[in-house]
>>> print(open('structure_6.json').read())   # JSON, C-alpha atoms and all ligand atoms
[["chain", "number", "residue", "atom", "x", "y", "z"],
["A", 91, "MET", "CA", -9.94, -2.23, -11.87],
["A", 92, "ILE", "CA", -9.15, 1.40, -10.93],
["A", 93, "SER", "CA", -10.38, 4.48, -12.71],
["A", 94, "ILE", "CA", -9.44, 7.97, -11.55],
["A", 95, "GLU", "CA", -11.22, 10.71, -13.44],
["A", 96, "LYS", "CA", -10.51, 14.43, -13.10],
["A", 97, "VAL", "CA", -9.82, 14.22, -9.39],
["A", 98, "THR", "CA", -9.28, 17.53, -7.64],
["A", 99, "LYS", "CA", -8.50, 18.17, -3.99],
["A", 100, "LEU", "CA", -8.09, 21.49, -2.24],
["A", 101, "TYR", "CA", -6.66, 22.39, 1.13],
["A", 102, "GLY", "CA", -7.96, 25.93, 1.50],
["A", 103, "LYS", "CA", -6.86, 27.58, -1.73],
["A", 104, "ASN", "CA", -4.03, 25.13, -2.26],
["A", 105, "LYS", "CA", -4.90, 22.68, -5.09],
["A", 106, "VAL", "CA", -3.02, 19.56, -4.01],
["A", 107, "LEU", "CA", -4.62, 17.33, -6.66],
["A", 108, "ASP", "CA", -5.40, 19.09, -9.91],
["A", 109, "ASP", "CA", -7.53, 17.32, -12.53],
["A", 110, "VAL", "CA", -5.78, 13.97, -12.13],
["A", 111, "SER", "CA", -6.94, 11.12, -14.42],
["A", 112, "PHE", "CA", -5.56, 7.62, -15.06],
["A", 113, "GLU", "CA", -6.60, 3.99, -15.16],
["A", 114, "ILE", "CA", -4.96, 0.93, -13.66],
["A", 115, "GLY", "CA", -5.76, -2.59, -14.79],
["A", 116, "GLY", "CA", -5.77, -5.75, -12.66],
["A", 117, "GLY", "CA", -2.29, -7.18, -12.12],
["A", 118, "GLU", "CA", -0.42, -3.95, -12.86],
["A", 119, "PHE", "CA", 2.45, -2.54, -10.81],
["A", 120, "VAL", "CA", 2.32, 1.24, -10.71],
["A", 121, "SER", "CA", 4.73, 3.56, -8.92],
["A", 122, "ILE", "CA", 3.42, 7.03, -8.14],
["A", 123, "VAL", "CA", 6.38, 9.38, -7.82],
["A", 124, "GLY", "CA", 7.15, 13.04, -7.30],
["A", 125, "THR", "CA", 8.98, 15.28, -4.87],
["A", 126, "SER", "CA", 7.76, 15.84, -1.33],
["A", 127, "GLY", "CA", 4.47, 17.75, -1.38],
["A", 128, "ALA", "CA", 3.56, 16.65, -4.92],
["A", 129, "GLY", "CA", 0.32, 15.03, -3.70],
["A", 130, "LYS", "CA", 1.22, 11.32, -3.57],
["A", 131, "THR", "CA", -0.11, 10.66, -0.08],
["A", 132, "THR", "CA", -3.24, 12.70, -0.74],
["A", 133, "LEU", "CA", -3.88, 10.62, -3.86],
["A", 134, "ILE", "CA", -3.35, 7.32, -2.00],
["A", 135, "HIS", "CA", -5.63, 8.52, 0.81],
["A", 136, "ALA", "CA", -8.28, 9.44, -1.75],
["A", 137, "MET", "CA", -8.00, 6.00, -3.37],
["A", 138, "ILE", "CA", -8.40, 4.16, -0.05],
["A", 139, "GLY", "CA", -11.34, 6.33, 0.97],
["A", 140, "ALA", "CA", -9.45, 8.05, 3.79],
["A", 141, "GLU", "CA", -9.72, 11.53, 2.32],
["A", 142, "GLU", "CA", -12.62, 13.20, 0.54],
["A", 143, "VAL", "CA", -11.99, 14.89, -2.78],
["A", 144, "ASP", "CA", -13.54, 18.11, -4.08],
["A", 145, "GLY", "CA", -14.17, 16.92, -7.60],
["A", 146, "GLY", "CA", -13.91, 13.92, -9.89],
["A", 147, "MET", "CA", -14.53, 10.20, -9.70],
["A", 148, "ILE", "CA", -12.60, 7.35, -8.10],
["A", 149, "ASN", "CA", -13.79, 3.88, -9.00],
["A", 150, "VAL", "CA", -12.13, 0.74, -7.69],
["A", 151, "ASP", "CA", -13.88, -2.42, -8.88],
["A", 152, "GLN", "CA", -17.53, -1.88, -8.02],
["A", 153, "TYR", "CA", -16.76, 0.79, -5.41],
["A", 154, "ASN", "CA", -17.36, 4.46, -6.13],
["A", 155, "VAL", "CA", -14.75, 5.35, -3.53],
["A", 156, "ALA", "CA", -15.29, 9.13, -3.54],
["A", 157, "ARG", "CA", -18.96, 8.65, -2.65],
["A", 158, "LEU", "CA", -18.98, 5.77, -0.18],
["A", 159, "SER", "CA", -20.91, 5.67, 3.07],
["A", 160, "ARG", "CA", -18.98, 4.79, 6.24],
["A", 161, "SER", "CA", -20.14, 1.20, 6.30],
["A", 162, "LYS", "CA", -19.32, 0.70, 2.63],
["A", 163, "ILE", "CA", -15.85, 2.17, 3.23],
["A", 164, "GLN", "CA", -15.27, -0.47, 5.91],
["A", 165, "GLU", "CA", -16.34, -3.15, 3.44],
["A", 166, "TYR", "CA", -14.07, -1.70, 0.73],
["A", 167, "ARG", "CA", -11.08, -1.52, 3.11],
["A", 168, "ARG", "CA", -11.46, -5.19, 3.92],
["A", 169, "GLN", "CA", -10.88, -5.97, 0.23],
["A", 170, "ILE", "CA", -7.60, -4.07, -0.07],
["A", 171, "GLY", "CA", -4.18, -4.11, 1.57],
["A", 172, "ILE", "CA", -2.57, -0.93, 2.91],
["A", 173, "ILE", "CA", 1.03, -0.31, 4.01],
["A", 174, "PHE", "CA", 2.37, 2.95, 5.42],
["A", 175, "GLN", "CA", 5.80, 4.25, 6.34],
["A", 176, "ASP", "CA", 5.25, 3.68, 10.07],
["A", 177, "TYR", "CA", 4.40, 0.07, 10.66],
["A", 178, "LYS", "CA", 2.10, 0.43, 13.68],
["A", 179, "LEU", "CA", 2.65, -3.14, 14.85],
["A", 180, "LEU", "CA", 1.11, -4.20, 18.14],
["A", 181, "PRO", "CA", 4.12, -4.22, 20.54],
["A", 182, "LYS", "CA", 2.79, -6.92, 22.87],
["A", 183, "LYS", "CA", 1.97, -9.35, 20.08],
["A", 184, "THR", "CA", 4.48, -11.56, 18.27],
["A", 185, "VAL", "CA", 5.10, -11.40, 14.52],
["A", 186, "PHE", "CA", 2.71, -14.32, 14.07],
["A", 187, "GLU", "CA", 0.04, -12.74, 16.27],
["A", 188, "ASN", "CA", 0.34, -9.34, 14.57],
["A", 189, "VAL", "CA", -0.28, -10.96, 11.20],
["A", 190, "ALA", "CA", -2.96, -13.42, 12.37],
["A", 191, "PHE", "CA", -4.89, -10.71, 14.23],
["A", 192, "ALA", "CA", -6.84, -9.43, 11.20],
["A", 193, "LEU", "CA", -8.05, -12.95, 10.42],
["A", 194, "GLU", "CA", -9.07, -13.55, 14.04],
["A", 195, "VAL", "CA", -11.10, -10.33, 14.06],
["A", 196, "ALA", "CA", -12.74, -11.44, 10.82],
["A", 197, "GLY", "CA", -13.77, -14.69, 12.54],
["A", 198, "TYR", "CA", -11.82, -17.28, 10.56],
["A", 199, "GLY", "CA", -11.26, -20.75, 12.03],
["A", 200, "LYS", "CA", -8.08, -21.60, 13.90],
["A", 201, "SER", "CA", -6.58, -24.06, 11.40],
["A", 202, "PHE", "CA", -7.20, -21.72, 8.46],
["A", 203, "ILE", "CA", -5.58, -18.83, 10.36],
["A", 204, "GLN", "CA", -2.59, -21.02, 11.21],
["A", 205, "ARG", "CA", -2.08, -22.12, 7.61],
["A", 206, "ARG", "CA", -2.66, -18.76, 5.97],
["A", 207, "THR", "CA", -0.46, -16.86, 8.45],
["A", 208, "VAL", "CA", 2.44, -19.29, 8.03],
["A", 209, "ASP", "CA", 2.11, -19.06, 4.23],
["A", 210, "VAL", "CA", 2.25, -15.29, 4.21],
["A", 211, "LEU", "CA", 5.16, -15.21, 6.71],
["A", 212, "LYS", "CA", 7.02, -17.52, 4.30],
["A", 213, "LEU", "CA", 6.23, -15.19, 1.42],
["A", 214, "VAL", "CA", 7.90, -12.25, 3.22],
["A", 215, "GLY", "CA", 10.72, -14.42, 4.60],
["A", 216, "LEU", "CA", 9.84, -14.19, 8.29],
["A", 217, "GLU", "CA", 8.92, -17.75, 9.24],
["A", 218, "GLU", "CA", 11.93, -17.97, 11.58],
["A", 219, "GLN", "CA", 11.00, -14.75, 13.39],
["A", 220, "ARG", "CA", 7.37, -15.74, 13.91],
["A", 221, "ASN", "CA", 7.67, -15.75, 17.71],
["A", 222, "HIS", "CA", 9.66, -12.52, 17.98],
["A", 223, "PHE", "CA", 8.14, -9.31, 19.29],
["A", 224, "PRO", "CA", 8.38, -6.12, 17.18],
["A", 225, "ARG", "CA", 11.14, -4.66, 19.42],
["A", 226, "GLN", "CA", 13.29, -7.71, 18.61],
["A", 227, "LEU", "CA", 13.12, -7.05, 14.87],
["A", 228, "SER", "CA", 15.16, -4.89, 12.50],
["A", 229, "GLY", "CA", 13.45, -2.07, 10.58],
["A", 230, "GLY", "CA", 13.27, -4.20, 7.46],
["A", 231, "GLU", "CA", 11.75, -7.12, 9.38],
["A", 232, "ARG", "CA", 9.16, -4.82, 10.97],
["A", 233, "GLN", "CA", 8.17, -3.48, 7.59],
["A", 234, "ARG", "CA", 7.94, -7.03, 6.20],
["A", 235, "THR", "CA", 5.68, -7.93, 9.15],
["A", 236, "ALA", "CA", 3.47, -4.99, 8.19],
["A", 237, "ILE", "CA", 3.43, -6.25, 4.60],
["A", 238, "ALA", "CA", 2.49, -9.76, 5.75],
["A", 239, "ARG", "CA", -0.32, -8.23, 7.80],
["A", 240, "ALA", "CA", -1.56, -6.27, 4.78],
["A", 241, "LEU", "CA", -1.52, -9.42, 2.64],
["A", 242, "VAL", "CA", -2.89, -12.01, 5.03],
["A", 243, "HIS", "CA", -6.49, -11.63, 3.81],
["A", 244, "ALA", "CA", -5.27, -12.11, 0.21],
["A", 245, "PRO", "CA", -6.26, -8.70, -1.22],
["A", 246, "GLN", "CA", -6.24, -8.27, -4.99],
["A", 247, "LEU", "CA", -5.00, -4.74, -4.55],
["A", 248, "LEU", "CA", -2.15, -3.45, -2.40],
["A", 249, "PHE", "CA", -1.45, 0.23, -1.65],
["A", 250, "ALA", "CA", 1.90, 1.26, -0.17],
["A", 251, "ASP", "CA", 2.79, 4.83, 0.80],
["A", 252, "GLU", "CA", 6.55, 5.45, 1.27],
["A", 253, "PRO", "CA", 7.05, 1.92, 2.64],
["A", 254, "THR", "CA", 10.84, 2.26, 2.41],
["A", 255, "GLY", "CA", 10.92, 5.60, 4.22],
["A", 256, "ASN", "CA", 12.52, 4.17, 7.36],
["A", 257, "LEU", "CA", 14.80, 1.64, 5.67],
["A", 258, "ASP", "CA", 18.45, 1.67, 4.62],
["A", 259, "PRO", "CA", 19.18, 1.23, 0.88],
["A", 260, "ASP", "CA", 19.77, -2.55, 1.07],
["A", 261, "ASN", "CA", 16.52, -3.16, 2.94],
["A", 262, "ALA", "CA", 14.67, -0.79, 0.61],
["A", 263, "LEU", "CA", 15.89, -2.75, -2.40],
["A", 264, "ALA", "CA", 14.91, -6.05, -0.77],
["A", 265, "LEU", "CA", 11.46, -4.60, -0.21],
["A", 266, "ALA", "CA", 11.20, -3.57, -3.87],
["A", 267, "LYS", "CA", 11.95, -7.17, -4.84],
["A", 268, "LEU", "CA", 9.33, -8.42, -2.42],
["A", 269, "PHE", "CA", 6.72, -6.11, -3.99],
["A", 270, "LEU", "CA", 7.66, -7.45, -7.42],
["A", 271, "LYS", "CA", 7.20, -11.01, -6.15],
["A", 272, "ILE", "CA", 3.79, -10.14, -4.66],
["A", 273, "ASN", "CA", 2.82, -8.55, -7.98],
["A", 274, "LYS", "CA", 4.00, -11.59, -9.91],
["A", 275, "GLU", "CA", 1.64, -13.73, -7.85],
["A", 276, "GLY", "CA", -1.25, -11.64, -9.15],
["A", 277, "THR", "CA", -1.74, -8.73, -6.74],
["A", 278, "THR", "CA", -2.07, -5.25, -8.23],
["A", 279, "VAL", "CA", 0.49, -3.02, -6.50],
["A", 280, "ILE", "CA", 0.32, 0.76, -6.20],
["A", 281, "LEU", "CA", 3.42, 2.22, -4.64],
["A", 282, "ALA", "CA", 3.78, 5.91, -3.76],
["A", 283, "THR", "CA", 7.38, 6.89, -3.17],
["A", 284, "HIS", "CA", 10.03, 9.53, -3.71],
["A", 285, "ASN", "CA", 12.77, 6.86, -3.56],
["A", 286, "LYS", "CA", 14.35, 6.90, -7.03],
["A", 287, "ASP", "CA", 16.50, 3.81, -6.48],
["A", 288, "ILE", "CA", 13.57, 1.56, -5.76],
["A", 289, "VAL", "CA", 11.45, 2.93, -8.62],
["A", 290, "ASN", "CA", 14.34, 2.33, -11.00],
["A", 291, "ALA", "CA", 14.93, -1.17, -9.64],
["A", 292, "ILE", "CA", 11.24, -1.98, -10.16],
["A", 293, "ASN", "CA", 11.18, -0.68, -13.74],
["A", 294, "LYS", "CA", 7.38, -0.81, -14.18],
["A", 295, "ARG", "CA", 4.78, 1.81, -14.95],
["A", 296, "VAL", "CA", 5.56, 5.21, -13.39],
["A", 297, "ILE", "CA", 3.05, 8.01, -12.85],
["A", 298, "THR", "CA", 4.68, 11.33, -11.95],
["A", 299, "LEU", "CA", 2.92, 14.04, -9.97],
["A", 300, "ASP", "CA", 4.16, 17.62, -9.75],
["A", 301, "LYS", "CA", 2.30, 20.16, -7.60],
["A", 302, "GLY", "CA", -0.83, 18.03, -7.78],
["A", 303, "LYS", "CA", -0.78, 17.56, -11.54],
["A", 304, "LEU", "CA", -0.12, 14.31, -13.37],
["A", 305, "VAL", "CA", 2.83, 15.27, -15.56],
["A", 306, "SER", "CA", 3.79, 11.88, -17.00],
["A", 307, "ASP", "CA", 2.59, 8.29, -17.17],
["A", 308, "LYS", "CA", 5.03, 5.80, -18.71],
["A", 309, "GLU", "CA", 5.49, 2.04, -18.95],
["A", 310, "HIS", "CA", 8.79, 0.40, -17.88],
["A", 311, "SER", "CA", 10.05, 3.69, -16.71],
["A", 312, "THR", "CA", 12.57, 5.16, -14.35],
["A", 313, "TYR", "CA", 12.51, 8.16, -12.04],
["A", 314, "GLN", "CA", 15.43, 10.54, -12.55],
["B", 401, "LIG", "N1", -4.25, 17.92, 6.17],
["B", 401, "LIG", "C1", -3.69, 18.84, 5.38],
["B", 401, "LIG", "N2", -4.01, 20.16, 5.49],
["B", 401, "LIG", "C2", -3.46, 21.08, 4.68],
["B", 401, "LIG", "N3", -2.56, 20.80, 3.70],
["B", 401, "LIG", "C3", -2.20, 19.53, 3.57],
["B", 401, "LIG", "C4", -2.73, 18.46, 4.37],
["B", 401, "LIG", "N4", -2.19, 17.30, 3.97],
["B", 401, "LIG", "C5", -1.34, 17.60, 2.96],
["B", 401, "LIG", "N5", -1.34, 18.92, 2.70],
["B", 401, "LIG", "C6", -0.58, 19.61, 1.64],
["B", 401, "LIG", "O1", -0.90, 18.97, 0.43],
["B", 401, "LIG", "C7", 0.25, 18.92, -0.41],
["B", 401, "LIG", "C8", 0.49, 17.49, -0.84],
["B", 401, "LIG", "O2", 0.87, 16.72, 0.28],
["B", 401, "LIG", "P1", 1.11, 15.15, 0.20],
["B", 401, "LIG", "O3", -0.03, 14.52, -0.48],
["B", 401, "LIG", "O4", 1.41, 14.69, 1.58],
["B", 401, "LIG", "O5", 2.41, 15.07, -0.73],
["B", 401, "LIG", "P2", 3.49, 13.91, -0.88],
["B", 401, "LIG", "O6", 2.95, 12.66, -0.28],
["B", 401, "LIG", "O7", 3.72, 13.81, -2.36],
["B", 401, "LIG", "O8", 4.72, 14.40, -0.19],
["B", 401, "LIG", "C9", 1.39, 19.54, 0.37],
["B", 401, "LIG", "O9", 1.53, 20.87, -0.04],
["B", 401, "LIG", "C10", 0.91, 19.45, 1.79],
["B", 401, "LIG", "O10", 1.48, 20.47, 2.56],
["B", 402, "MG", "MG", 3.70, 11.38, 1.16]]
>>> encode(input="structure_6.json", output="structure tokens")
Amino acid sequence: MISIEKVTKLYGKNKVLDDVSFEIGGGEFVSIVGTSGAGKTTLIHAMIGAEEVDGGMINVDQYNVARLSRSKIQEYRRQIGIIFQDYKLLPKKTVFENVAFALEVAGYGKSFIQRRTVDVLKLVGLEEQRNHFPRQLSGGERQRTAIARALVHAPQLLFADEPTGNLDPDNALALAKLFLKINKEGTTVILATHNKDIVNAINKRVITLDKGKLVSDKEHSTYQ
């Protein structure tokens, strides 16, 4: 599904990704870990086509992500789900409307949007808050709304960059469990984080970056 081959990225003379290679199969759950500045975000950005690389290959399904034209990048982005640390919810839309929005833009019919949005709000445990506005939600609920939004178009592949960054430990752990549930239902999950507790709770494959280099890649691993 994903093949990263000898990827290198420079900011000036600073090599922030240095000859990074790995493969991820469909249905896997992979945590990408490392201290702040290790290159996690840069790697996620490269994989979602948000950042150009200076060398190497990034293939996701049929997409040669490092060489995509603008219009192809748009097409590729519609196939994947992306979650960041800051939720960027639309403040004047309700939870339901925030999640349904992507489907409306894509031109789906009203009854499909209704059904699919309710299903995904159930998945993240927010059906009761569907008519709340973002300011009426807790941090954990806002992040779960962002997750519902990222999942509403049923992507096979979900990228999350420090999704627990603004959450307290209990909410972070609840989010880890939600990612496991999403993965169990078939979605490939790639989670970049420096949060050791959640990586250890997840106990799946762990790729460790250090100063832009891949220094370990282990199944059922922890992050000490
Ligand atoms: N736009 C940029 N310009 C210059 N340097 C950058 C830029 N973005 C990130 N960096 C540098 O790249 C390195 C890796 O950053 P990043 O990928 O954000 O690490 P992480 O997500 O693991 O904390 C850091 O040294 C950071 O300062
Ligand atoms: Mg980062």
>>> atom_distance(input="structure_6.json", atom1="CA of Gln233 in chain A", atom2="CA of Lys301 in chain A")
28.7 Å
>>> residues_around(input="structure_6.json", residues="range 160-165 of chain A", least_positions_apart="6", cutoff="9 Å", atoms="only C-alpha atoms", output="list in words")
Ile138, Gly139, Ala140 and Tyr153 of chain A
>>> closest_residue(input="structure_6.json", among="A:Gly102, A:Gly171, A:Gly124, A:Gly302", to="His284 in chain A", atoms="only C-alpha atoms")
A:Gly124
>>> residues_near_point(input="structure_6.json", point="(7.6, -1.8, -14.8)", cutoff="10 Å", atoms="all atoms listed in the file", output="ChimeraX atom specification")
/A:118-121,270,289-296,308-312
>>> closest_residue(input="structure_6.json", among="A:Tyr166, A:Asp108, A:Thr298, A:Gln314", to="Leu281 in chain A", atoms="only C-alpha atoms")
A:Thr298
>>> residues_around(input="structure_6.json", residues="range 247-249 of chain A", least_positions_apart="4", cutoff="6 Å", atoms="all atoms listed in the file", output="list in words")
Ile170, Gly171, Ile172, Thr277, Thr278, Val279 and Ile280 of chain A
>>> write_last_selection(input="structure_6.json", atoms="C-alpha atoms", output="PDB file, keeping the file's coordinate frame")
ATOM      1  CA  ILE A 170      -7.600  -4.070  -0.070  1.00  0.00           C
ATOM      2  CA  GLY A 171      -4.180  -4.110   1.570  1.00  0.00           C
ATOM      3  CA  ILE A 172      -2.570  -0.930   2.910  1.00  0.00           C
ATOM      4  CA  THR A 277      -1.740  -8.730  -6.740  1.00  0.00           C
ATOM      5  CA  THR A 278      -2.070  -5.250  -8.230  1.00  0.00           C
ATOM      6  CA  VAL A 279       0.490  -3.020  -6.500  1.00  0.00           C
ATOM      7  CA  ILE A 280       0.320   0.760  -6.200  1.00  0.00           C
TER       8      ILE A 280
END
>>> residues_near_ligand(input="structure_6.json", ligand="ligand MG 402 (chain B)", cutoff="7 Å", atoms="only C-alpha atoms and all ligand atoms", output="ChimeraX atom specification")
/A:126-127,129-131,251-252
>>> closest_residue(input="structure_6.json", among="A:Lys96, A:Lys105, A:Arg167, A:Arg232", to="ligand LIG 401 (chain B)", atoms="all atoms listed in the file")
A:Lys105
>>> closest_residue(input="structure_6.json", among="A:Asp300, A:Glu187, A:Asp109, A:Asp307", to="ligand LIG 401 (chain B)", atoms="only C-alpha atoms and all ligand atoms")
A:Asp300
>>> residues_near_point(input="structure_6.json", point="(-10.8, 5.8, -2.2)", cutoff="9 Å", atoms="all atoms listed in the file", output="number ranges by chain")
A: 133-142, 148-150, 153-158, 163, 166
>>> atom_distance(input="structure_6.json", atom1="CA of Ala240 in chain A", atom2="CA of Leu180 in chain A")
13.8 Å
>>> closest_residue(input="structure_6.json", among="A:Phe112, A:Phe186, A:Phe191, A:Phe174", to="His222 in chain A", atoms="all atoms listed in the file")
A:Phe186
>>> decode(input="structure_6.json", residues="range 201-212 of chain A", atoms="N, CA, C and O atoms", output="PDB file, in the first residue's frame")
ATOM      1  N   SER A 201     -29.790  12.048   1.669  1.00  0.00           N
ATOM      2  CA  SER A 201     -30.071  10.900   2.551  1.00  0.00           C
ATOM      3  C   SER A 201     -28.793  10.101   2.813  1.00  0.00           C
ATOM      4  O   SER A 201     -28.569   9.602   3.912  1.00  0.00           O
ATOM      5  N   PHE A 202     -27.919  10.006   1.800  1.00  0.00           N
ATOM      6  CA  PHE A 202     -26.636   9.336   2.016  1.00  0.00           C
ATOM      7  C   PHE A 202     -25.810  10.100   3.046  1.00  0.00           C
ATOM      8  O   PHE A 202     -25.237   9.512   3.973  1.00  0.00           O
ATOM      9  N   ILE A 203     -25.762  11.426   2.903  1.00  0.00           N
ATOM     10  CA  ILE A 203     -24.977  12.263   3.828  1.00  0.00           C
ATOM     11  C   ILE A 203     -25.489  12.082   5.260  1.00  0.00           C
ATOM     12  O   ILE A 203     -24.706  11.910   6.199  1.00  0.00           O
ATOM     13  N   GLN A 204     -26.816  12.099   5.402  1.00  0.00           N
ATOM     14  CA  GLN A 204     -27.436  11.926   6.707  1.00  0.00           C
ATOM     15  C   GLN A 204     -26.993  10.606   7.342  1.00  0.00           C
ATOM     16  O   GLN A 204     -26.497  10.558   8.470  1.00  0.00           O
ATOM     17  N   ARG A 205     -27.120   9.541   6.593  1.00  0.00           N
ATOM     18  CA  ARG A 205     -26.833   8.200   7.092  1.00  0.00           C
ATOM     19  C   ARG A 205     -25.353   8.041   7.446  1.00  0.00           C
ATOM     20  O   ARG A 205     -24.979   7.590   8.515  1.00  0.00           O
ATOM     21  N   ARG A 206     -24.508   8.441   6.497  1.00  0.00           N
ATOM     22  CA  ARG A 206     -23.068   8.258   6.662  1.00  0.00           C
ATOM     23  C   ARG A 206     -22.542   9.111   7.830  1.00  0.00           C
ATOM     24  O   ARG A 206     -21.714   8.671   8.615  1.00  0.00           O
ATOM     25  N   THR A 207     -23.041  10.338   7.951  1.00  0.00           N
ATOM     26  CA  THR A 207     -22.570  11.236   9.011  1.00  0.00           C
ATOM     27  C   THR A 207     -22.981  10.695  10.381  1.00  0.00           C
ATOM     28  O   THR A 207     -22.174  10.684  11.317  1.00  0.00           O
ATOM     29  N   VAL A 208     -24.218  10.225  10.490  1.00  0.00           N
ATOM     30  CA  VAL A 208     -24.675   9.656  11.762  1.00  0.00           C
ATOM     31  C   VAL A 208     -23.829   8.421  12.112  1.00  0.00           C
ATOM     32  O   VAL A 208     -23.399   8.254  13.256  1.00  0.00           O
ATOM     33  N   ASP A 209     -23.564   7.584  11.126  1.00  0.00           N
ATOM     34  CA  ASP A 209     -22.756   6.379  11.381  1.00  0.00           C
ATOM     35  C   ASP A 209     -21.384   6.731  11.930  1.00  0.00           C
ATOM     36  O   ASP A 209     -20.906   6.118  12.887  1.00  0.00           O
ATOM     37  N   VAL A 210     -20.748   7.716  11.319  1.00  0.00           N
ATOM     38  CA  VAL A 210     -19.381   8.047  11.732  1.00  0.00           C
ATOM     39  C   VAL A 210     -19.383   8.786  13.079  1.00  0.00           C
ATOM     40  O   VAL A 210     -18.475   8.608  13.898  1.00  0.00           O
ATOM     41  N   LEU A 211     -20.451   9.553  13.359  1.00  0.00           N
ATOM     42  CA  LEU A 211     -20.556  10.189  14.683  1.00  0.00           C
ATOM     43  C   LEU A 211     -20.753   9.131  15.765  1.00  0.00           C
ATOM     44  O   LEU A 211     -20.236   9.253  16.871  1.00  0.00           O
ATOM     45  N   LYS A 212     -21.465   8.056  15.424  1.00  0.00           N
ATOM     46  CA  LYS A 212     -21.608   6.939  16.369  1.00  0.00           C
ATOM     47  C   LYS A 212     -20.262   6.280  16.613  1.00  0.00           C
ATOM     48  O   LYS A 212     -19.911   5.956  17.745  1.00  0.00           O
TER      49      LYS A 212
END
